[in-house]
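Below is final-v4.txt, holding compact mmCIF, C-alpha atoms.
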```
# COMPACT_ATOMS: atom_id res chain seq x y z
CA MET A 1 9.68 -27.74 -6.74
CA ALA A 2 7.13 -30.33 -6.27
CA ILE A 3 3.58 -30.90 -7.22
CA SER A 4 1.48 -33.83 -6.11
CA LEU A 5 -2.13 -34.76 -5.66
CA ALA A 6 -2.16 -34.33 -1.94
CA GLN A 7 0.51 -31.80 -1.12
CA SER A 8 2.47 -29.78 -3.63
CA THR A 9 5.64 -27.75 -3.56
CA LEU A 10 5.91 -24.33 -5.03
CA PHE A 11 5.65 -26.16 -8.38
CA SER A 12 1.90 -26.22 -7.88
CA LYS A 13 -0.47 -23.65 -9.24
CA THR A 14 -0.18 -21.83 -5.93
CA SER A 15 4.08 -23.57 -5.25
CA LEU A 16 12.49 -27.63 -5.69
CA PHE A 17 14.87 -31.18 -2.51
CA LEU A 18 18.36 -33.26 1.03
CA ARG A 19 21.32 -36.03 2.74
CA SER A 20 23.34 -33.31 4.54
CA SER A 21 26.78 -32.97 6.01
CA CYS A 22 27.95 -30.55 8.68
CA ASN A 23 30.05 -28.41 6.38
CA VAL A 24 27.17 -27.92 3.93
CA LEU A 25 24.70 -27.19 6.69
CA ASN A 26 26.99 -24.60 8.19
CA ARG A 27 26.66 -22.59 4.98
CA LEU A 28 22.92 -22.86 4.91
CA THR A 29 20.03 -22.10 7.23
CA PHE A 30 20.09 -23.00 10.93
CA CYS A 31 17.25 -23.55 13.35
CA VAL A 32 16.00 -21.23 16.02
CA PRO A 33 13.46 -21.92 18.72
CA PHE A 34 10.20 -20.05 18.64
CA SER A 35 6.85 -19.80 20.29
CA SER A 36 3.32 -19.90 19.06
CA SER A 37 0.50 -17.44 19.18
CA SER A 38 -2.67 -16.83 17.26
CA ALA A 39 -2.55 -15.74 13.64
CA SER A 40 -2.50 -12.05 12.91
CA PRO A 41 -1.63 -9.70 10.04
CA LEU A 42 2.01 -9.10 9.22
CA SER A 43 3.60 -6.24 11.14
CA THR A 44 5.99 -3.63 9.91
CA LYS A 45 8.94 -5.08 8.10
CA LYS A 46 12.12 -5.54 10.08
CA LYS A 47 15.53 -6.81 9.10
CA TRP A 48 15.78 -10.59 9.13
CA LYS A 49 18.39 -12.04 11.48
CA PRO A 50 19.78 -15.53 10.86
CA PRO A 51 18.62 -18.07 13.45
CA VAL A 52 21.07 -19.08 16.18
CA ALA A 53 23.02 -22.14 15.10
CA SER A 54 23.82 -23.34 18.61
CA VAL A 55 20.28 -24.59 19.23
CA LEU A 56 20.36 -27.02 16.31
CA GLU A 57 21.28 -30.62 17.02
CA LEU A 58 22.42 -32.34 13.84
CA GLY A 59 20.59 -35.58 13.21
CA GLY A 60 17.90 -34.69 15.75
CA VAL A 61 17.05 -31.05 15.07
CA LYS A 62 15.96 -30.15 18.60
CA ILE A 63 14.58 -26.62 18.85
CA ALA A 64 14.01 -24.96 22.21
CA LYS A 65 10.69 -23.16 21.96
CA ASP A 66 11.21 -21.08 25.12
CA ASP A 67 14.31 -19.37 23.69
CA VAL A 68 12.39 -17.44 21.03
CA VAL A 69 10.57 -14.14 21.44
CA ARG A 70 6.97 -15.19 21.91
CA ASP A 71 4.98 -12.02 21.53
CA ASP A 72 5.67 -11.19 17.89
CA PRO A 73 2.32 -10.16 16.39
CA THR A 74 3.04 -12.07 13.17
CA ASN A 75 3.69 -15.44 14.85
CA ASN A 76 1.00 -17.94 13.87
CA VAL A 77 2.78 -21.24 14.67
CA PRO A 78 0.63 -23.35 17.03
CA ASP A 79 2.00 -25.88 19.50
CA THR A 80 0.74 -28.74 17.33
CA ILE A 81 3.02 -27.63 14.51
CA PHE A 82 5.96 -26.88 16.77
CA ALA A 83 5.73 -30.45 18.06
CA LYS A 84 6.38 -31.80 14.56
CA LEU A 85 9.69 -29.96 14.10
CA GLY A 86 12.64 -32.32 14.09
CA MET A 87 10.61 -35.51 13.63
CA GLN A 88 11.96 -35.95 10.08
CA LEU A 89 9.94 -38.92 8.85
CA HIS A 90 11.91 -38.84 5.60
CA ARG A 91 15.08 -39.89 7.44
CA ARG A 92 13.52 -43.04 8.93
CA LYS A 93 14.64 -45.99 6.78
CA GLN A 94 11.68 -48.21 7.73
CA HIS A 95 9.03 -45.52 7.30
CA PRO A 96 7.12 -45.29 3.97
CA ILE A 97 8.36 -41.72 3.41
CA GLY A 98 11.98 -42.73 4.05
CA ILE A 99 11.63 -45.87 1.91
CA LEU A 100 10.31 -43.79 -1.01
CA LYS A 101 13.02 -41.16 -0.59
CA ASN A 102 15.75 -43.81 -0.69
CA ALA A 103 14.19 -45.48 -3.73
CA ILE A 104 14.42 -42.18 -5.60
CA PHE A 105 18.01 -41.68 -4.43
CA GLU A 106 18.79 -45.20 -5.74
CA TYR A 107 17.44 -44.29 -9.18
CA PHE A 108 19.72 -41.27 -9.42
CA ASP A 109 22.71 -43.18 -8.03
CA ALA A 110 22.22 -45.91 -10.67
CA ASN A 111 21.61 -43.64 -13.64
CA TYR A 112 23.81 -40.66 -12.72
CA PRO A 113 26.63 -42.21 -10.62
CA ASN A 114 28.47 -39.70 -8.42
CA LYS A 115 26.58 -36.82 -10.02
CA PHE A 116 23.88 -35.69 -7.61
CA ASP A 117 24.58 -34.31 -4.15
CA THR A 118 21.82 -35.31 -1.73
CA PHE A 119 20.59 -33.36 1.29
CA ASP A 120 17.91 -34.30 3.80
CA ASP A 121 18.78 -32.48 7.02
CA LEU A 122 18.46 -28.78 6.24
CA CYS A 123 16.58 -26.77 8.83
CA PRO A 124 12.97 -25.84 7.95
CA ILE A 125 13.27 -22.35 9.47
CA VAL A 126 14.13 -19.92 6.67
CA SER A 127 13.82 -16.26 5.74
CA VAL A 128 10.98 -14.82 3.70
CA LYS A 129 13.60 -14.00 1.04
CA GLN A 130 14.69 -17.65 0.81
CA ASN A 131 11.16 -18.98 0.80
CA PHE A 132 9.64 -16.56 -1.70
CA ASP A 133 11.91 -13.92 -3.25
CA ASP A 134 14.76 -16.25 -4.29
CA VAL A 135 12.37 -18.37 -6.37
CA LEU A 136 10.57 -15.40 -7.92
CA VAL A 137 7.25 -15.74 -6.08
CA PRO A 138 5.37 -12.49 -6.80
CA ALA A 139 4.94 -10.05 -3.93
CA ASP A 140 1.15 -10.38 -4.11
CA HIS A 141 1.07 -14.19 -4.42
CA VAL A 142 -1.48 -15.87 -2.17
CA SER A 143 1.13 -18.25 -0.75
CA ARG A 144 2.77 -15.30 1.10
CA SER A 145 -0.36 -14.76 3.16
CA CYS A 146 -0.36 -15.65 6.86
CA ASN A 147 -3.50 -17.60 5.97
CA ASP A 148 -1.30 -20.02 3.99
CA THR A 149 2.17 -19.76 5.58
CA TYR A 150 3.44 -20.26 9.13
CA TYR A 151 5.26 -17.07 10.15
CA ILE A 152 7.71 -17.01 13.07
CA ASP A 153 8.09 -13.26 12.62
CA SER A 154 7.60 -10.91 9.71
CA GLN A 155 10.84 -12.01 8.03
CA THR A 156 11.08 -15.67 9.13
CA VAL A 157 8.87 -18.62 8.22
CA LEU A 158 8.62 -22.38 8.35
CA ARG A 159 9.52 -23.28 4.77
CA CYS A 160 6.54 -23.92 2.50
CA HIS A 161 8.68 -25.92 0.06
CA THR A 162 12.22 -27.27 -0.24
CA SER A 163 12.85 -24.73 -3.01
CA ALA A 164 13.73 -22.35 -0.17
CA HIS A 165 17.27 -23.82 -0.24
CA GLN A 166 17.76 -23.76 -4.01
CA ALA A 167 19.47 -20.37 -4.33
CA GLU A 168 21.94 -21.09 -1.50
CA LEU A 169 22.90 -24.44 -2.99
CA LEU A 170 23.40 -22.90 -6.42
CA ARG A 171 25.51 -20.10 -4.98
CA GLY A 172 27.47 -22.71 -3.05
CA GLY A 173 28.58 -24.32 -6.31
CA HIS A 174 26.21 -27.28 -6.42
CA THR A 175 25.12 -28.09 -9.99
CA HIS A 176 23.35 -31.45 -9.46
CA PHE A 177 21.38 -31.92 -6.26
CA LEU A 178 18.39 -33.55 -4.60
CA VAL A 179 16.85 -31.96 -1.51
CA THR A 180 14.34 -33.71 0.78
CA GLY A 181 12.66 -32.17 3.79
CA ASP A 182 9.59 -31.52 5.88
CA VAL A 183 7.56 -28.51 4.77
CA TYR A 184 4.75 -26.61 6.42
CA ARG A 185 1.52 -25.06 5.17
CA ARG A 186 -1.73 -24.05 6.74
CA ASP A 187 -4.31 -26.15 4.95
CA SER A 188 -7.68 -27.83 5.00
CA ILE A 189 -8.43 -31.04 6.92
CA ASP A 190 -9.16 -34.22 4.99
CA SER A 191 -7.58 -37.59 4.19
CA THR A 192 -5.01 -36.14 1.75
CA HIS A 193 -4.07 -32.83 3.41
CA TYR A 194 -1.92 -32.21 6.49
CA PRO A 195 -0.11 -29.05 7.62
CA VAL A 196 3.25 -30.86 7.71
CA PHE A 197 4.37 -32.96 4.75
CA HIS A 198 7.52 -33.89 2.84
CA GLN A 199 8.96 -32.94 -0.52
CA MET A 200 11.84 -33.86 -2.76
CA GLU A 201 13.33 -31.52 -5.31
CA GLY A 202 15.92 -32.10 -8.01
CA VAL A 203 18.06 -29.58 -9.88
CA ARG A 204 20.56 -30.12 -12.72
CA VAL A 205 22.67 -27.31 -14.23
CA PHE A 206 24.18 -27.46 -17.73
CA SER A 207 27.03 -25.47 -19.27
CA PRO A 208 27.29 -24.53 -22.98
CA LYS A 209 29.66 -27.44 -23.69
CA ASP A 210 26.86 -29.83 -22.73
CA TRP A 211 24.45 -28.73 -25.47
CA GLU A 212 26.56 -27.06 -28.21
CA ALA A 213 27.19 -30.34 -30.08
CA SER A 214 23.54 -31.42 -29.87
CA GLY A 215 22.17 -29.11 -32.57
CA VAL A 216 19.55 -27.58 -30.22
CA ASP A 217 19.65 -24.58 -27.93
CA GLY A 218 20.21 -24.84 -24.20
CA THR A 219 16.55 -24.61 -23.23
CA ASP A 220 15.45 -27.41 -25.58
CA TYR A 221 18.43 -29.55 -24.50
CA ALA A 222 17.53 -29.15 -20.82
CA ALA A 223 13.85 -29.88 -21.45
CA GLN A 224 14.66 -33.07 -23.36
CA ASP A 225 17.06 -34.24 -20.67
CA LEU A 226 14.51 -33.44 -17.96
CA LYS A 227 11.74 -35.49 -19.57
CA LYS A 228 14.06 -38.46 -20.18
CA CYS A 229 15.18 -38.38 -16.55
CA LEU A 230 11.70 -38.16 -15.06
CA GLU A 231 10.15 -40.75 -17.35
CA GLY A 232 12.85 -43.13 -16.12
CA LEU A 233 12.06 -42.22 -12.50
CA ALA A 234 8.34 -42.87 -13.03
CA ARG A 235 9.11 -46.33 -14.47
CA HIS A 236 11.45 -47.01 -11.53
CA LEU A 237 8.67 -46.26 -9.03
CA PHE A 238 5.53 -47.44 -10.83
CA GLY A 239 6.68 -49.93 -13.48
CA ALA A 240 5.81 -49.87 -17.20
CA VAL A 241 3.08 -47.23 -17.09
CA GLU A 242 1.60 -44.99 -19.76
CA MET A 243 2.69 -41.35 -19.34
CA ARG A 244 1.74 -37.95 -20.67
CA TRP A 245 3.19 -34.43 -20.37
CA ILE A 246 0.98 -31.44 -19.66
CA ASP A 247 2.13 -27.90 -20.45
CA THR A 248 1.54 -25.63 -17.46
CA TYR A 249 2.75 -22.41 -15.80
CA PHE A 250 5.07 -21.85 -12.84
CA PRO A 251 6.70 -18.49 -12.06
CA PHE A 252 10.19 -20.01 -11.71
CA THR A 253 10.40 -22.27 -14.78
CA ASN A 254 9.83 -21.72 -18.49
CA PRO A 255 8.76 -23.93 -20.14
CA SER A 256 6.93 -25.75 -17.36
CA TYR A 257 5.37 -29.23 -17.33
CA GLU A 258 3.41 -31.69 -15.25
CA LEU A 259 3.99 -35.44 -15.61
CA GLU A 260 0.98 -37.72 -15.33
CA ILE A 261 0.91 -41.53 -15.37
CA TYR A 262 -1.97 -43.93 -15.97
CA PHE A 263 -2.04 -45.99 -12.79
CA GLN A 264 -4.80 -48.08 -11.22
CA ASP A 265 -7.24 -47.13 -13.97
CA LYS A 266 -6.84 -43.36 -13.66
CA TRP A 267 -4.46 -40.54 -14.55
CA LEU A 268 -2.23 -39.64 -11.62
CA GLU A 269 -0.36 -36.33 -11.43
CA VAL A 270 3.14 -37.26 -10.27
CA LEU A 271 5.21 -34.09 -10.30
CA GLY A 272 5.80 -30.59 -11.62
CA CYS A 273 8.96 -29.50 -13.40
CA GLY A 274 10.51 -27.22 -15.98
CA VAL A 275 13.52 -25.34 -17.27
CA THR A 276 14.68 -22.93 -14.58
CA GLU A 277 14.07 -19.23 -15.19
CA GLN A 278 17.32 -17.53 -16.19
CA GLU A 279 16.86 -14.85 -13.52
CA ILE A 280 17.29 -17.46 -10.76
CA LEU A 281 20.54 -18.67 -12.34
CA LYS A 282 21.83 -15.13 -12.90
CA ARG A 283 21.25 -14.23 -9.27
CA SER A 284 23.33 -17.29 -8.35
CA GLY A 285 26.21 -16.21 -10.60
CA LYS A 286 25.50 -18.70 -13.39
CA LEU A 287 25.20 -16.34 -16.33
CA ASP A 288 25.84 -18.79 -19.22
CA ASN A 289 24.06 -21.84 -17.85
CA VAL A 290 20.67 -23.46 -18.18
CA ALA A 291 19.09 -25.81 -15.67
CA TRP A 292 16.08 -27.97 -15.02
CA ALA A 293 14.22 -28.55 -11.80
CA PHE A 294 11.49 -30.93 -10.64
CA GLY A 295 9.62 -31.65 -7.45
CA LEU A 296 7.62 -34.40 -5.73
CA GLY A 297 5.16 -34.51 -2.85
CA LEU A 298 6.30 -37.65 -1.05
CA GLU A 299 3.14 -38.33 0.96
CA ARG A 300 0.88 -38.48 -2.04
CA LEU A 301 3.11 -40.88 -3.96
CA ALA A 302 3.59 -43.01 -0.85
CA MET A 303 -0.18 -43.16 -0.31
CA VAL A 304 -0.56 -44.58 -3.81
CA LEU A 305 2.43 -46.94 -3.72
CA PHE A 306 1.68 -48.35 -0.24
CA ASP A 307 -2.15 -48.11 -0.37
CA ILE A 308 -2.26 -45.84 2.68
CA PRO A 309 -5.78 -44.34 2.86
CA ASP A 310 -5.27 -41.44 5.28
CA ILE A 311 -2.34 -39.00 5.47
CA ARG A 312 -2.55 -38.94 9.29
CA LEU A 313 -1.28 -42.53 9.37
CA PHE A 314 2.23 -41.40 8.41
CA TRP A 315 2.52 -39.85 11.88
CA SER A 316 1.25 -42.93 13.73
CA THR A 317 3.55 -44.66 16.24
CA ASP A 318 1.16 -47.62 16.54
CA GLU A 319 3.11 -50.86 15.94
CA ARG A 320 0.23 -52.14 13.83
CA PHE A 321 1.25 -49.47 11.34
CA THR A 322 5.02 -49.17 11.77
CA SER A 323 5.67 -52.94 11.77
CA GLN A 324 4.22 -53.34 8.27
CA PHE A 325 7.13 -51.57 6.53
CA SER A 326 10.78 -52.55 6.07
CA GLN A 327 13.86 -50.82 4.71
CA GLY A 328 14.13 -51.14 0.92
CA GLN A 329 10.65 -52.64 0.48
CA LEU A 330 8.92 -50.18 -1.84
CA GLY A 331 5.22 -50.72 -2.49
CA VAL A 332 4.34 -53.14 0.33
CA LYS A 333 0.57 -52.80 0.61
CA PHE A 334 -0.74 -51.47 3.91
CA LYS A 335 -3.19 -53.72 5.74
CA PRO A 336 -5.80 -51.62 7.57
CA PHE A 337 -6.09 -52.39 11.29
CA SER A 338 -8.74 -49.86 12.25
CA LYS A 339 -12.43 -50.10 11.44
CA TYR A 340 -13.53 -47.59 14.05
CA PRO A 341 -16.50 -45.50 12.88
CA PRO A 342 -16.40 -41.72 12.48
CA CYS A 343 -18.51 -39.41 14.59
CA PHE A 344 -19.92 -36.28 13.00
CA LYS A 345 -20.53 -32.97 14.77
CA ASP A 346 -21.65 -29.70 13.22
CA VAL A 347 -20.78 -26.13 14.12
CA SER A 348 -22.45 -23.11 12.52
CA PHE A 349 -21.77 -19.40 12.89
CA TRP A 350 -22.06 -15.98 11.29
CA ILE A 351 -18.72 -15.23 9.64
CA ASN A 352 -16.86 -11.91 9.52
CA GLU A 353 -14.65 -10.41 6.83
CA SER A 354 -11.46 -11.88 8.31
CA PHE A 355 -12.77 -15.46 8.50
CA THR A 356 -10.99 -18.13 6.45
CA GLU A 357 -11.43 -21.88 6.37
CA ASN A 358 -7.71 -22.36 7.04
CA ASN A 359 -8.06 -20.42 10.30
CA LEU A 360 -10.99 -22.62 11.29
CA CYS A 361 -8.98 -25.77 10.56
CA GLU A 362 -6.08 -24.47 12.68
CA VAL A 363 -8.47 -24.01 15.60
CA VAL A 364 -9.99 -27.48 15.19
CA ARG A 365 -6.54 -29.10 14.89
CA GLY A 366 -5.40 -27.19 17.97
CA VAL A 367 -8.18 -28.80 19.99
CA ALA A 368 -8.55 -32.28 18.51
CA GLY A 369 -5.17 -32.87 16.85
CA ASP A 370 -5.13 -36.03 14.73
CA LEU A 371 -8.49 -37.15 16.10
CA VAL A 372 -10.14 -34.93 13.51
CA GLU A 373 -10.47 -36.65 10.14
CA GLU A 374 -12.19 -34.00 8.05
CA VAL A 375 -13.73 -30.55 8.21
CA SER A 376 -16.16 -29.76 5.40
CA LEU A 377 -18.53 -26.90 4.59
CA ILE A 378 -22.08 -28.26 4.35
CA ASP A 379 -24.16 -25.08 4.32
CA ASN A 380 -23.65 -21.45 3.32
CA PHE A 381 -26.26 -18.73 3.05
CA THR A 382 -26.53 -14.94 3.20
CA ASN A 383 -29.58 -13.27 4.74
CA LYS A 384 -31.35 -10.09 3.65
CA LYS A 385 -29.09 -7.99 5.88
CA GLY A 386 -26.02 -9.28 4.03
CA MET A 387 -24.83 -11.45 6.91
CA THR A 388 -23.34 -14.81 5.89
CA SER A 389 -23.74 -17.98 7.90
CA GLN A 390 -21.71 -21.12 7.36
CA CYS A 391 -22.08 -24.59 8.82
CA TYR A 392 -19.12 -26.99 8.97
CA ARG A 393 -19.28 -30.72 9.64
CA ILE A 394 -16.40 -32.12 11.69
CA ALA A 395 -15.63 -35.84 11.40
CA TYR A 396 -13.86 -37.26 14.44
CA ARG A 397 -12.16 -40.63 14.12
CA SER A 398 -9.13 -42.21 15.74
CA MET A 399 -6.90 -44.45 13.66
CA GLU A 400 -6.15 -46.61 16.69
CA ARG A 401 -9.18 -46.84 19.01
CA SER A 402 -12.85 -46.09 19.48
CA LEU A 403 -13.69 -42.63 20.76
CA THR A 404 -16.28 -42.36 23.51
CA ASP A 405 -19.33 -40.10 23.28
CA GLU A 406 -18.09 -38.19 26.31
CA GLU A 407 -14.69 -37.62 24.71
CA ILE A 408 -16.17 -36.40 21.43
CA ASN A 409 -18.69 -34.14 23.12
CA ASP A 410 -15.92 -32.57 25.21
CA LEU A 411 -13.82 -31.96 22.08
CA GLN A 412 -16.79 -30.39 20.30
CA TRP A 413 -17.53 -28.01 23.18
CA GLN A 414 -13.87 -26.96 23.19
CA VAL A 415 -14.01 -26.43 19.42
CA ARG A 416 -17.12 -24.24 19.73
CA ASP A 417 -15.50 -22.19 22.48
CA GLN A 418 -12.22 -21.72 20.58
CA VAL A 419 -14.00 -20.91 17.30
CA GLN A 420 -15.95 -18.15 19.01
CA ASN A 421 -13.00 -16.72 20.94
CA LYS A 422 -10.20 -17.00 18.39
CA LEU A 423 -12.12 -16.34 15.18
CA ASN A 424 -14.44 -13.66 16.61
CA VAL A 425 -17.52 -15.20 15.02
CA VAL A 426 -21.06 -15.44 16.41
CA LEU A 427 -22.22 -19.01 16.97
CA ARG A 428 -25.68 -20.01 15.90
```
Will you turn the file into structure tokens for me?
Amino acid sequence: MAISLAQSTLFSKTSLFLRSSCNVLNRLTFCVPFSSSSASPLSTKKKWKPPVASVLELGGVKIAKDDVVRDDPTNNVPDTIFAKLGMQLHRRKQHPIGILKNAIFEYFDANYPNKFDTFDDLCPIVSVKQNFDDVLVPADHVSRSCNDTYYIDSQTVLRCHTSAHQAELLRGGHTHFLVTGDVYRRDSIDSTHYPVFHQMEGVRVFSPKDWEASGVDGTDYAAQDLKKCLEGLARHLFGAVEMRWIDTYFPFTNPSYELEIYFQDKWLEVLGCGVTEQEILKRSGKLDNVAWAFGLGLERLAMVLFDIPDIRLFWSTDERFTSQFSQGQLGVKFKPFSKYPPCFKDVSFWINESFTENNLCEVVRGVAGDLVEEVSLIDNFTNKKGMTSQCYRIAYRSMERSLTDEEINDLQWQVRDQVQNKLNVVLR
């Protein structure tokens, strides 16, 4: 369960983490190939079938798109998202995400030797039950919407958070574990949001013998241990910083907290955490136990620690970016190499009842990919007939080169055409 400033796990107001081995992976979720189509409402419920294991390549996670039924009316996974599957930035030792992941692993190895199992190669294709039901996400929660989640079919999704593996790991007998992985959410477009990002989750389970001699009940014991652990982690990553705990609400922990640190002259929200709801433990066969869980959004912390200004940079293959980072070097400050100016283009239209900003951003990303820096609403009005018009400003900017006027104009015409055809809106 992770919560961060840029991307959060299920530990956010609207949302738990992996170094895997074959035998563990065989008990968990495997990958299937799939195709993409435009977003549409969920169809009638059908029984979920586990993905075919034979298409998964361990260490590379290659997924054959053509092998999946392509015409499912619930499929809303575009080609741009499919292309990110298997890239696994968190497993690259010289990438900022991988460097941060390993730094956190080092903290747990040093302070809890031989305690925590680590996983970072679990497949991101999971069932709706794993992604939502197993962590007590309410049936009417907004995160279940196809506006927020990438559905492969009505019972299969790209995981929204690494908590999707929590129940299986608990049932498999794991009592101390860290899970890292790529997660997927339909989202807005700006410098801190991207539809694919990375999370790390930690879980620790206690038995009665752990707390009975302490003089406090199991819940208080777990909460105290959780705070001690995470305060140590914050110091490990950020140094001697001031910290504060904020009481909050999550559907899967009680009590629940957010940890904030005072860093670079402002309060920074680092993570979300809490004492695991007993129902989750009971469903996993742990009737007399208590547990804690926490989660991190790796991109946001890496942006702060490495001074990376735009989340798109994490996906760059430009040597001017990749050559700046080395294995084990946490907090090396990024030196910007691009001063290319943005170009702004507007698109305005009359919206309909089914219009959402996330759908617009999917269309824009589908056309311009990582050349789009931001999409922002700049005007909204309703006329006397009750019709609502909105105007969005699109900022185009490459991280690596100057864009030509011809190139930008062509992208904008394609955006206008796709907005009209895919969103069924009337352009102004």
What's around Val425 (chain A) at 7 Å? Count all atoms listed in the file, leave out sequence neighbours fewer than 6 positions away in its own chain, and write the answer as a PDB file with C-alpha atoms, in the coordinates of the input.
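Everything below was put into out.pdb:
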```
ATOM      1  CA  PHE A 349     -21.770 -19.400  12.890  1.00  0.00           C
ATOM      2  CA  TRP A 350     -22.060 -15.980  11.290  1.00  0.00           C
ATOM      3  CA  ILE A 351     -18.720 -15.230   9.640  1.00  0.00           C
ATOM      4  CA  ASN A 352     -16.860 -11.910   9.520  1.00  0.00           C
TER       5      ASN A 352
END
```
### Query
Interatomic distance between CA of Gln327 (chain A) and CA of Leu89 (chain A)?
13.2 Å
#### Entry: Nearest residue to His161 (chain A) from the set A:Ser143, A:Ser191, A:Asn380, A:Thr175 (distances using only C-alpha atoms)
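Checking each of A:Ser143, A:Ser191, A:Asn380, A:Thr175 against His161 (chain A), counting only C-alpha atoms, the winner is A:Ser143.
Atom to atom, CA of Asp379 (chain A) and CA of His141 (chain A) stand 28.8 Å apart.
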### Query
Between A:Asp190, A:Asp220, A:Glu277, A:Asp405, which is the closest to Thr253 (chain A) once you count all atoms listed in the file?
A:Glu277
### Query
Closest to Lys345 (chain A) among A:Gln412, A:Asn254, A:Thr156, A:Asn289, using all atoms listed in the file?
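Among the listed residues, the smallest separation from Lys345 (chain A) belongs to A:Gln412.
One finds CA of Asp182 (chain A) at 19.7 Å from CA of Ser145 (chain A).
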### Message
Please list as a ChimeraX atom specification every residue within 6 Å of Asp346 (chain A), counting all atoms listed in the file and excluding residues in the same chain fewer than 5 positions away.
### Response
/A:392-394
### Who sits within 12 Å of Gln166 (chain A), all atoms listed in the file, same chain under 6 positions skipped, as a PyMOL selection string
chain A and resi 1+10+16-18+28-29+119+122+126+129-136+172-180+200-205+252+276+280-281+283-284+291-295
